[in-house]
$ cat entry_19.cif   # mmCIF, C-alpha atoms and all ligand atoms
data_start
loop_
_atom_site.label_atom_id
_atom_site.label_comp_id
_atom_site.auth_asym_id
_atom_site.auth_seq_id
_atom_site.Cartn_x
_atom_site.Cartn_y
_atom_site.Cartn_z
CA MET A 249 -10.31 -49.48 -2.49
CA LYS A 250 -9.95 -49.40 -6.29
CA LYS A 251 -13.15 -47.41 -6.46
CA LEU A 252 -11.85 -44.95 -3.90
CA LEU A 253 -8.59 -44.45 -5.77
CA PHE A 254 -10.47 -43.89 -9.00
CA LEU A 255 -12.69 -41.34 -7.32
CA LEU A 256 -9.72 -39.57 -5.80
CA SER A 257 -7.83 -39.34 -9.08
CA THR A 258 -10.94 -38.04 -10.85
CA VAL A 259 -11.34 -35.30 -8.27
CA LEU A 260 -7.67 -34.35 -8.61
CA LEU A 261 -7.89 -34.31 -12.40
CA LEU A 262 -10.96 -32.17 -12.34
CA SER A 263 -9.48 -29.50 -10.11
CA PRO A 264 -6.13 -28.43 -11.52
CA ALA A 265 -6.89 -24.74 -10.93
CA VAL A 266 -7.48 -25.26 -7.24
CA SER A 267 -4.34 -27.31 -6.69
CA GLN A 268 -2.22 -24.71 -8.50
CA ALA A 269 -3.63 -21.98 -6.34
CA GLN A 270 -2.70 -23.68 -3.10
CA THR A 271 -0.11 -22.31 -0.75
CA ALA A 272 3.43 -23.38 -1.68
CA ALA A 273 6.26 -24.31 0.72
CA PRO A 274 7.55 -21.13 2.38
CA ASP A 275 10.29 -19.43 0.37
CA PRO A 276 11.32 -16.00 1.71
CA SER A 277 13.31 -15.28 -1.45
CA ARG A 278 10.15 -14.77 -3.49
CA ILE A 279 8.59 -11.91 -1.53
CA THR A 280 7.77 -8.90 -3.70
CA LEU A 281 5.70 -5.76 -3.23
CA VAL A 282 4.66 -3.31 -5.96
CA ILE A 283 2.84 -0.02 -5.36
CA HIS A 284 1.31 2.90 -7.23
CA GLY A 285 0.22 6.33 -6.09
CA GLY A 286 -1.78 7.29 -9.15
CA ALA A 287 -1.19 8.08 -12.82
CA GLY A 288 -1.82 11.23 -14.85
CA THR A 289 -0.23 14.47 -15.97
CA ILE A 290 2.87 14.03 -13.86
CA THR A 291 5.80 15.67 -15.64
CA ARG A 292 9.13 17.10 -14.56
CA ALA A 293 7.95 20.53 -15.68
CA LEU A 294 5.04 20.42 -13.24
CA MET A 295 7.14 19.13 -10.36
CA THR A 296 9.33 20.91 -7.82
CA PRO A 297 12.28 19.20 -6.10
CA GLU A 298 10.48 19.54 -2.73
CA LYS A 299 7.28 17.97 -4.05
CA GLU A 300 9.19 15.16 -5.68
CA LYS A 301 11.03 14.44 -2.45
CA ALA A 302 7.81 14.45 -0.45
CA TYR A 303 6.20 11.92 -2.81
CA GLN A 304 9.27 9.73 -2.80
CA GLN A 305 9.35 9.75 0.99
CA VAL A 306 5.77 8.54 1.40
CA LEU A 307 6.12 5.97 -1.39
CA ASP A 308 9.23 4.65 0.36
CA GLN A 309 7.44 4.55 3.72
CA ALA A 310 4.61 2.62 2.09
CA LEU A 311 7.03 0.12 0.55
CA GLN A 312 8.87 -0.33 3.85
CA ALA A 313 5.62 -0.90 5.77
CA GLY A 314 4.59 -3.75 3.49
CA TYR A 315 8.11 -5.14 3.18
CA ALA A 316 8.51 -5.37 6.97
CA ILE A 317 5.42 -7.60 7.09
CA LEU A 318 6.50 -9.82 4.21
CA LYS A 319 10.05 -10.07 5.52
CA LYS A 320 8.96 -11.44 8.87
CA GLY A 321 6.81 -14.06 7.18
CA GLY A 322 3.52 -12.15 7.08
CA THR A 323 0.89 -12.57 4.41
CA SER A 324 0.51 -10.63 1.18
CA LEU A 325 -2.94 -9.58 2.41
CA ASP A 326 -1.50 -7.95 5.55
CA ALA A 327 1.23 -6.35 3.45
CA VAL A 328 -1.05 -4.70 0.87
CA GLU A 329 -3.39 -3.40 3.57
CA ALA A 330 -0.55 -1.87 5.62
CA THR A 331 1.04 -0.38 2.50
CA VAL A 332 -2.17 1.25 1.33
CA ARG A 333 -2.90 2.60 4.82
CA VAL A 334 0.36 4.58 4.74
CA MET A 335 -0.70 6.26 1.50
CA GLU A 336 -4.27 6.78 2.75
CA ASP A 337 -2.88 8.63 5.77
CA SER A 338 -0.84 10.97 3.58
CA PRO A 339 -2.45 14.14 2.17
CA LEU A 340 -0.39 13.72 -1.01
CA PHE A 341 -2.48 10.98 -2.56
CA ASN A 342 -6.10 10.84 -3.64
CA ALA A 343 -7.11 8.28 -1.02
CA GLY A 344 -8.06 8.64 2.63
CA LYS A 345 -6.68 11.94 3.98
CA GLY A 346 -5.92 13.39 0.53
CA ALA A 347 -9.18 12.35 -1.14
CA VAL A 348 -10.54 14.66 -3.83
CA PHE A 349 -13.85 16.53 -3.50
CA THR A 350 -17.14 15.69 -5.16
CA HIS A 351 -19.19 18.32 -6.98
CA GLU A 352 -21.08 18.95 -3.71
CA GLY A 353 -17.83 19.44 -1.79
CA ARG A 354 -17.77 16.10 -0.02
CA ASN A 355 -15.11 13.39 0.14
CA GLU A 356 -16.51 10.03 -0.92
CA MET A 357 -14.05 7.18 -0.93
CA ASP A 358 -13.88 3.74 -2.53
CA ALA A 359 -11.56 0.81 -1.75
CA ALA A 360 -11.14 -2.90 -2.45
CA ILE A 361 -8.94 -5.78 -1.39
CA MET A 362 -8.59 -9.31 -2.77
CA GLU A 363 -6.76 -12.47 -1.81
CA GLY A 364 -5.32 -14.59 -4.63
CA GLN A 365 -5.36 -17.95 -2.88
CA THR A 366 -9.04 -18.02 -1.93
CA LEU A 367 -10.47 -15.45 -4.37
CA LYS A 368 -12.07 -13.80 -1.37
CA ALA A 369 -12.67 -10.09 -1.87
CA GLY A 370 -14.12 -7.11 -0.04
CA SER A 371 -14.90 -3.55 -1.02
CA VAL A 372 -16.57 -0.33 0.09
CA ALA A 373 -17.80 2.60 -1.98
CA GLY A 374 -18.93 6.14 -1.27
CA VAL A 375 -17.76 6.14 2.35
CA THR A 376 -17.19 9.46 4.09
CA VAL A 377 -16.13 8.92 7.71
CA ILE A 378 -13.97 5.78 7.75
CA ARG A 379 -10.37 6.84 8.28
CA ASN A 380 -8.91 3.90 6.34
CA PRO A 381 -11.33 2.63 3.70
CA ILE A 382 -8.96 -0.23 2.81
CA THR A 383 -9.38 -1.67 6.29
CA ALA A 384 -13.14 -1.42 5.90
CA ALA A 385 -12.85 -3.32 2.60
CA ARG A 386 -10.92 -6.03 4.40
CA ALA A 387 -13.53 -6.16 7.16
CA VAL A 388 -16.25 -6.66 4.54
CA MET A 389 -14.21 -9.55 3.14
CA GLU A 390 -13.44 -11.21 6.45
CA LYS A 391 -16.25 -10.24 8.77
CA SER A 392 -19.33 -10.27 6.58
CA GLU A 393 -20.86 -12.64 4.08
CA HIS A 394 -20.80 -9.95 1.41
CA VAL A 395 -18.27 -8.59 -1.05
CA MET A 396 -19.31 -4.96 -1.46
CA MET A 397 -20.96 -2.42 0.84
CA VAL A 398 -21.75 1.19 0.02
CA GLY A 399 -22.43 4.53 1.74
CA PRO A 400 -24.04 4.73 5.18
CA GLY A 401 -24.52 0.95 5.32
CA ALA A 402 -20.79 0.37 4.91
CA GLU A 403 -20.14 3.01 7.57
CA THR A 404 -22.52 1.39 10.06
CA PHE A 405 -20.80 -1.92 9.42
CA ALA A 406 -17.35 -0.35 9.94
CA LYS A 407 -18.50 1.22 13.23
CA GLU A 408 -19.90 -2.12 14.39
CA LYS A 409 -16.58 -3.78 13.63
CA GLY A 410 -14.70 -1.19 15.68
CA LEU A 411 -12.90 0.55 12.81
CA GLU A 412 -11.63 4.08 13.28
CA ILE A 413 -14.31 6.64 12.45
CA VAL A 414 -13.38 10.30 11.93
CA PRO A 415 -15.42 13.46 11.34
CA ALA A 416 -15.95 14.06 7.61
CA GLN A 417 -13.81 17.23 7.97
CA TYR A 418 -10.77 15.04 8.64
CA PHE A 419 -10.56 14.53 4.87
CA TYR A 420 -10.48 18.25 4.08
CA THR A 421 -7.24 19.42 2.52
CA GLU A 422 -6.79 22.90 1.13
CA ALA A 423 -5.06 21.67 -2.04
CA ARG A 424 -7.92 19.32 -2.97
CA HIS A 425 -10.47 22.00 -2.14
CA GLN A 426 -8.71 24.43 -4.47
CA GLN A 427 -8.68 21.72 -7.14
CA LEU A 428 -12.45 21.49 -6.89
CA GLN A 429 -12.86 25.28 -7.05
CA LYS A 430 -10.76 25.31 -10.21
CA ALA A 431 -12.79 22.51 -11.75
CA LEU A 432 -16.07 24.27 -10.88
CA GLN A 433 -14.79 27.53 -12.36
CA GLU A 434 -13.66 25.87 -15.56
CA GLU A 435 -16.93 24.02 -15.83
CA LYS A 436 -18.79 27.33 -15.55
CA THR A 437 -16.78 28.76 -18.45
CA ALA A 438 -16.92 25.70 -20.64
CA GLY A 439 -20.46 24.55 -19.84
CA THR A 440 -21.39 21.30 -18.21
CA PRO A 441 -20.08 18.41 -20.20
CA ASP A 442 -22.37 15.45 -19.82
CA GLN A 443 -20.01 12.88 -21.20
CA LEU A 444 -19.16 10.75 -18.21
CA ASN A 445 -19.67 7.55 -20.10
CA ALA A 446 -20.08 8.58 -23.68
CA PRO A 447 -16.82 8.84 -25.60
CA THR A 448 -18.63 8.78 -28.95
CA LYS A 449 -20.76 11.75 -27.95
CA ALA A 450 -17.61 13.41 -26.64
CA ALA A 451 -16.04 13.09 -30.05
CA GLU A 452 -18.88 15.18 -31.46
CA ALA A 453 -18.56 17.97 -28.89
CA PRO A 454 -17.83 21.34 -30.51
CA LYS A 455 -14.76 22.23 -28.44
CA LYS A 456 -12.25 19.48 -28.68
CA VAL A 457 -8.80 18.71 -27.48
CA LYS A 458 -6.78 15.82 -28.80
CA MET A 459 -5.87 13.14 -26.29
CA LYS A 460 -2.14 13.21 -25.74
CA MET A 461 -1.05 9.78 -24.68
CA LYS A 462 1.77 7.44 -25.31
CA ALA A 463 -0.44 4.82 -26.85
CA GLY A 464 -1.82 7.69 -28.94
CA LYS A 465 -4.62 5.57 -30.29
CA ALA A 466 -7.57 7.25 -28.63
CA GLN A 467 -10.54 7.17 -30.94
CA GLY A 468 -11.72 10.71 -31.59
CA SER A 469 -11.09 13.36 -29.02
CA LEU A 470 -12.30 14.45 -25.63
CA PRO A 471 -14.10 17.65 -24.71
CA GLU A 472 -11.93 20.32 -23.21
CA ASN A 473 -12.50 20.77 -19.48
CA ASN A 474 -14.38 17.55 -19.15
CA ILE A 475 -14.51 17.07 -15.39
CA PHE A 476 -12.26 14.10 -15.82
CA THR A 477 -9.71 15.65 -18.12
CA GLU A 478 -9.26 18.65 -15.79
CA GLY A 479 -5.88 18.31 -14.17
CA LYS A 480 -5.70 14.68 -15.37
CA LYS A 481 -4.22 13.50 -12.12
CA TYR A 482 -5.45 10.22 -10.82
CA GLY A 483 -4.00 9.96 -7.34
CA THR A 484 -5.51 6.60 -6.44
CA VAL A 485 -3.19 4.33 -4.47
CA GLY A 486 -2.68 0.60 -4.73
CA ALA A 487 -0.46 -2.33 -3.85
CA VAL A 488 0.07 -5.90 -5.02
CA ALA A 489 2.19 -8.39 -3.10
CA LEU A 490 3.57 -11.91 -3.17
CA ASP A 491 4.34 -13.51 0.19
CA GLN A 492 6.73 -16.32 1.10
CA PHE A 493 3.89 -18.84 0.80
CA GLY A 494 3.42 -17.93 -2.87
CA ASN A 495 0.12 -16.16 -2.29
CA LEU A 496 -0.85 -12.98 -4.11
CA ALA A 497 -3.02 -10.10 -2.90
CA ALA A 498 -4.17 -6.75 -4.30
CA ALA A 499 -5.53 -3.57 -2.71
CA THR A 500 -6.71 -0.24 -4.13
CA SER A 501 -8.04 2.90 -2.41
CA THR A 502 -9.27 6.19 -3.87
CA GLY A 503 -11.24 9.38 -3.44
CA GLY A 504 -12.45 8.93 -7.02
CA MET A 505 -12.36 11.92 -9.34
CA THR A 506 -12.56 15.63 -8.59
CA ASN A 507 -16.04 17.10 -9.18
CA LYS A 508 -17.67 13.67 -9.47
CA ARG A 509 -21.43 13.62 -9.10
CA TYR A 510 -24.51 11.67 -8.14
CA GLY A 511 -23.00 8.90 -6.09
CA ARG A 512 -20.48 8.10 -8.82
CA VAL A 513 -18.35 5.04 -8.10
CA GLY A 514 -15.12 4.37 -10.00
CA ASP A 515 -13.23 1.21 -10.89
CA ALA A 516 -11.17 0.88 -7.70
CA PRO A 517 -13.80 -0.92 -5.55
CA ILE A 518 -15.14 -3.02 -8.41
CA ILE A 519 -13.60 -6.47 -8.32
CA GLY A 520 -12.18 -7.24 -11.76
CA ALA A 521 -12.14 -3.58 -12.84
CA GLY A 522 -9.68 -1.72 -10.59
CA THR A 523 -8.66 -4.57 -8.33
CA TYR A 524 -8.11 -8.31 -8.79
CA ALA A 525 -5.95 -11.15 -7.43
CA ASP A 526 -5.82 -14.82 -8.34
CA ASN A 527 -2.96 -17.19 -7.57
CA ASN A 528 -3.62 -18.81 -10.96
CA SER A 529 -2.67 -15.66 -12.84
CA CYS A 530 -1.68 -12.43 -11.09
CA ALA A 531 -2.61 -9.58 -8.77
CA VAL A 532 -3.56 -6.21 -10.29
CA SER A 533 -4.34 -2.71 -8.97
CA CYS A 534 -5.32 0.13 -11.31
CA THR A 535 -5.40 3.91 -11.49
CA GLY A 536 -6.88 6.08 -14.19
CA TRP A 537 -10.12 7.19 -15.74
CA GLY A 538 -12.40 4.81 -13.88
CA GLU A 539 -15.26 4.70 -16.37
CA TYR A 540 -12.96 3.19 -18.99
CA PHE A 541 -11.36 0.82 -16.52
CA ILE A 542 -14.79 -0.48 -15.54
CA ARG A 543 -15.88 -0.99 -19.14
CA ALA A 544 -12.65 -2.76 -20.05
CA THR A 545 -12.68 -4.83 -16.80
CA VAL A 546 -9.01 -3.98 -16.74
CA ALA A 547 -7.72 -5.96 -13.75
CA ARG A 548 -9.49 -9.14 -14.78
CA ASP A 549 -8.53 -8.58 -18.41
CA VAL A 550 -4.83 -8.73 -17.48
CA ALA A 551 -5.43 -11.85 -15.36
CA ALA A 552 -7.42 -13.51 -18.16
CA ARG A 553 -4.65 -12.92 -20.71
CA VAL A 554 -2.20 -14.58 -18.31
CA GLU A 555 -4.53 -17.42 -17.37
CA TYR A 556 -6.13 -18.33 -20.68
CA GLN A 557 -3.62 -17.08 -23.25
CA GLN A 558 -0.59 -17.93 -21.13
CA LYS A 559 0.85 -14.50 -21.93
CA PRO A 560 3.87 -13.29 -19.96
CA LEU A 561 2.70 -10.77 -17.36
CA ALA A 562 4.36 -7.70 -18.92
CA GLN A 563 2.81 -8.44 -22.33
CA ALA A 564 -0.61 -9.05 -20.84
CA ALA A 565 -0.51 -5.83 -18.79
CA GLN A 566 0.65 -3.73 -21.75
CA ALA A 567 -1.98 -5.21 -24.06
CA THR A 568 -4.73 -4.28 -21.62
CA ILE A 569 -3.45 -0.72 -21.18
CA ASP A 570 -3.27 -0.41 -24.99
CA LYS A 571 -6.88 -1.53 -25.14
CA VAL A 572 -7.90 1.17 -22.65
CA GLY A 573 -5.99 3.72 -24.74
CA LYS A 574 -7.80 2.66 -27.91
CA MET A 575 -11.10 3.14 -26.13
CA GLY A 576 -10.05 6.70 -25.24
CA GLY A 577 -9.18 6.18 -21.59
CA ASP A 578 -5.94 6.76 -19.78
CA GLY A 579 -4.17 5.60 -16.65
CA GLY A 580 -2.05 2.69 -15.58
CA LEU A 581 -1.77 -0.40 -13.45
CA ILE A 582 0.58 -2.51 -11.41
CA ALA A 583 0.63 -6.29 -11.74
CA LEU A 584 2.53 -9.14 -10.12
CA ASP A 585 2.54 -12.91 -10.67
CA ARG A 586 3.57 -15.86 -8.50
CA GLN A 587 7.01 -16.02 -10.07
CA GLY A 588 7.68 -12.48 -8.90
CA ASN A 589 7.40 -10.98 -12.40
CA LEU A 590 6.03 -7.47 -12.18
CA ALA A 591 4.67 -4.89 -14.62
CA MET A 592 3.79 -1.20 -14.22
CA PRO A 593 2.48 0.03 -17.61
CA PHE A 594 0.64 3.35 -18.09
CA ASN A 595 -0.40 5.52 -21.02
CA SER A 596 -0.51 8.80 -19.13
CA GLU A 597 2.48 11.09 -18.74
CA GLY A 598 3.57 9.66 -15.44
CA MET A 599 2.65 7.30 -12.64
CA TYR A 600 3.90 7.24 -9.07
CA ARG A 601 5.13 3.70 -8.72
CA GLY A 602 7.69 1.49 -7.05
CA PHE A 603 8.61 -1.98 -5.94
CA ILE A 604 10.72 -3.82 -3.40
CA LYS A 605 12.18 -7.32 -3.68
CA ALA A 606 13.20 -9.93 -1.12
CA ASP A 607 16.74 -8.52 -0.78
CA GLY A 608 15.26 -5.19 0.32
CA LYS A 609 16.32 -3.41 -2.87
CA SER A 610 13.66 -0.96 -3.91
CA GLN A 611 13.00 1.41 -6.75
CA ILE A 612 10.66 4.38 -6.95
CA LEU A 613 9.71 5.93 -10.29
CA ILE A 614 7.52 8.87 -11.22
CA TYR A 615 7.95 9.89 -14.85
CA LYS A 616 7.71 8.12 -18.16
CA ASP A 617 11.45 8.20 -18.80
N1 LIG A 701 -9.52 5.22 -10.96
C1 LIG A 701 -10.02 6.19 -10.02
C2 LIG A 701 -11.49 6.42 -10.26
O1 LIG A 701 -11.89 6.47 -11.40
C3 LIG A 701 -9.31 7.48 -10.10
C4 LIG A 701 -7.85 7.40 -9.90
O2 LIG A 701 -7.19 6.48 -10.39
O3 LIG A 701 -7.29 8.31 -9.24
O4 LIG A 701 -12.20 6.59 -9.31
#
$ encode --input "entry_19.cif" --output "structure tokens"
Amino acid sequence: MKKLLFLLSTVLLLSPAVSQAQTAAPDPSRITLVIHGGAGTITRALMTPEKEKAYQQVLDQALQAGYAILKKGGTSLDAVEATVRVMEDSPLFNAGKGAVFTHEGRNEMDAAIMEGQTLKAGSVAGVTVIRNPITAARAVMEKSEHVMMVGPGAETFAKEKGLEIVPAQYFYTEARHQQLQKALQEEKTAGTPDQLNAPTKAAEAPKKVKMKMKAGKAQGSLPENNIFTEGKKYGTVGAVALDQFGNLAAATSTGGMTNKRYGRVGDAPIIGAGTYADNNSCAVSCTGWGEYFIRATVARDVAARVEYQQKPLAQAAQATIDKVGKMGGDGGLIALDRQGNLAMPFNSEGMYRGFIKADGKSQILIYKD
């Protein structure tokens, strides 16, 4: 008996992380949902009242969809999936129906989902016919032994699991197509910048434009008309949620970046880069210049600051965005911890974002001020 007790206490002592991450007693007053619909050059000057209203409407619908699930005792995982699906189905955001076009004129989408209690995760990349990539990411997490599936393989898997498949043309929107034409035209005039992952080289390019960002600490400058600086609108969508059981979840979905090439995959489907959730720290979903977010492992970086440095969430999130800014990247993120603290920092000019709390009070924000 003594031996057994000793063994038991040793096991408990050795696994503090696991015990912390366990489901807590239900408490409906803690439910929280935070969303984003992308960061970038989003200013009042570039907005019309009609456009602003349209964005606000879909962001509100997305919040309400997730809130309804959390309110009736559903899980954070169900909430983030439902929330992201609303934004995927809207042509306004760069995810699902509104996905941007690749250089070849295709729509190739990436998505990821993660559960904070179990650290289970699923993601898909480069998919072209799955109506809701976020649901495919969840299927990978729950119905396969893998974490990430790409391209035709992911699509075969989604078909096998009975997910909704649509013709590739479903993702065509005139506005995104025009955006690609503009990018192609500008590329023709400016030459083909080959600086997808080389900020130092970019700094040496002959035609330069200074990075204008709040953090303002970008090293060097970026080439004008770089395929990623064109338009500078990252319309990726994401959600993080806390349910009444104290469990966190995160989800992100995107069409990537206009004019992307060669099977390029961004940060969104990479666990720890664009998406991360751990009950021991926080849930994070990102939007921005994916190459930088991958290299800075942004989502995990925020979680690590919270977990290892015991930083308050807002400080951790801001420090990571500042780090991205110093590297020369831009964008933003949403983060949420188990106490219901939330953060929505960004170093671009705006970020579609919002949150809703247990009492049903919500807020939707677009601009910096
Ligand atoms: N982060 C996304 C990517 O690089 C783009 C976005 O946020 O819209 O694929």
$ atom_distance --input "entry_19.cif" --atom1 "atom CA of A:Met335" --atom2 "atom CA of A:Asn507"
21.6 Å
$ residues_around --input "entry_19.cif" --residues "A:Met357" --least-positions-apart "4" --cutoff "9 Å" --atoms "all atoms listed in the file" --output "ChimeraX atom specification"
/A:343-344,347-348,372-376,378,381,501-504,513
$ residues_near_ligand --input "entry_19.cif" --ligand "ligand LIG 701 (chain A)" --cutoff "10 Å" --atoms "all atoms listed in the file" --output "ChimeraX atom specification"
/A:284-288,341-343,347-348,357-359,476,480-486,500-506,508,512-517,521-522,533-542,578-581
$ atom_distance --input "entry_19.cif" --atom1 "atom CA of A:Ala551" --atom2 "atom CA of A:Lys616"
24.1 Å
$ closest_residue --input "entry_19.cif" --among "A:Glu403, A:Gly353, A:Ala552, A:Ile518" --to "A:Gln427" --atoms "only C-alpha atoms"
A:Gly353
$ closest_residue --input "entry_19.cif" --among "A:Met592, A:Ala369, A:Val334, A:Ala544" --to "A:Ala565" --atoms "only C-alpha atoms"
A:Met592
$ closest_residue --input "entry_19.cif" --among "A:Thr280, A:Thr291, A:Thr523, A:Gln304" --to "A:Ala316" --atoms "all atoms listed in the file"
A:Thr280
$ closest_residue --input "entry_19.cif" --among "A:Arg386, A:Lys436, A:Arg586, A:Arg553" --to "A:Ala567" --atoms "all atoms listed in the file"
A:Arg553
$ closest_residue --input "entry_19.cif" --among "A:Ile290, A:Leu367, A:Val546, A:Val554" --to "A:Lys571" --atoms "only C-alpha atoms"
A:Val546
$ residues_around --input "entry_19.cif" --residues "A:Gln429" --least-positions-apart "3" --cutoff "10 Å" --atoms "all atoms listed in the file" --output "PDB file with C-alpha atoms, keeping the file's coordinate frame"
ATOM      1  CA  PHE A 349     -13.850  16.530  -3.500  1.00  0.00           C
ATOM      2  CA  HIS A 351     -19.190  18.320  -6.980  1.00  0.00           C
ATOM      3  CA  GLY A 353     -17.830  19.440  -1.790  1.00  0.00           C
ATOM      4  CA  ALA A 423      -5.060  21.670  -2.040  1.00  0.00           C
ATOM      5  CA  ARG A 424      -7.920  19.320  -2.970  1.00  0.00           C
ATOM      6  CA  HIS A 425     -10.470  22.000  -2.140  1.00  0.00           C
ATOM      7  CA  GLN A 426      -8.710  24.430  -4.470  1.00  0.00           C
ATOM      8  CA  LEU A 432     -16.070  24.270 -10.880  1.00  0.00           C
ATOM      9  CA  GLN A 433     -14.790  27.530 -12.360  1.00  0.00           C
ATOM     10  CA  GLU A 434     -13.660  25.870 -15.560  1.00  0.00           C
ATOM     11  CA  GLU A 435     -16.930  24.020 -15.830  1.00  0.00           C
ATOM     12  CA  THR A 506     -12.560  15.630  -8.590  1.00  0.00           C
ATOM     13  CA  ASN A 507     -16.040  17.100  -9.180  1.00  0.00           C
TER      14      ASN A 507
END
$ atom_distance --input "entry_19.cif" --atom1 "atom CA of A:Ala327" --atom2 "atom CA of A:Met599"
21.1 Å
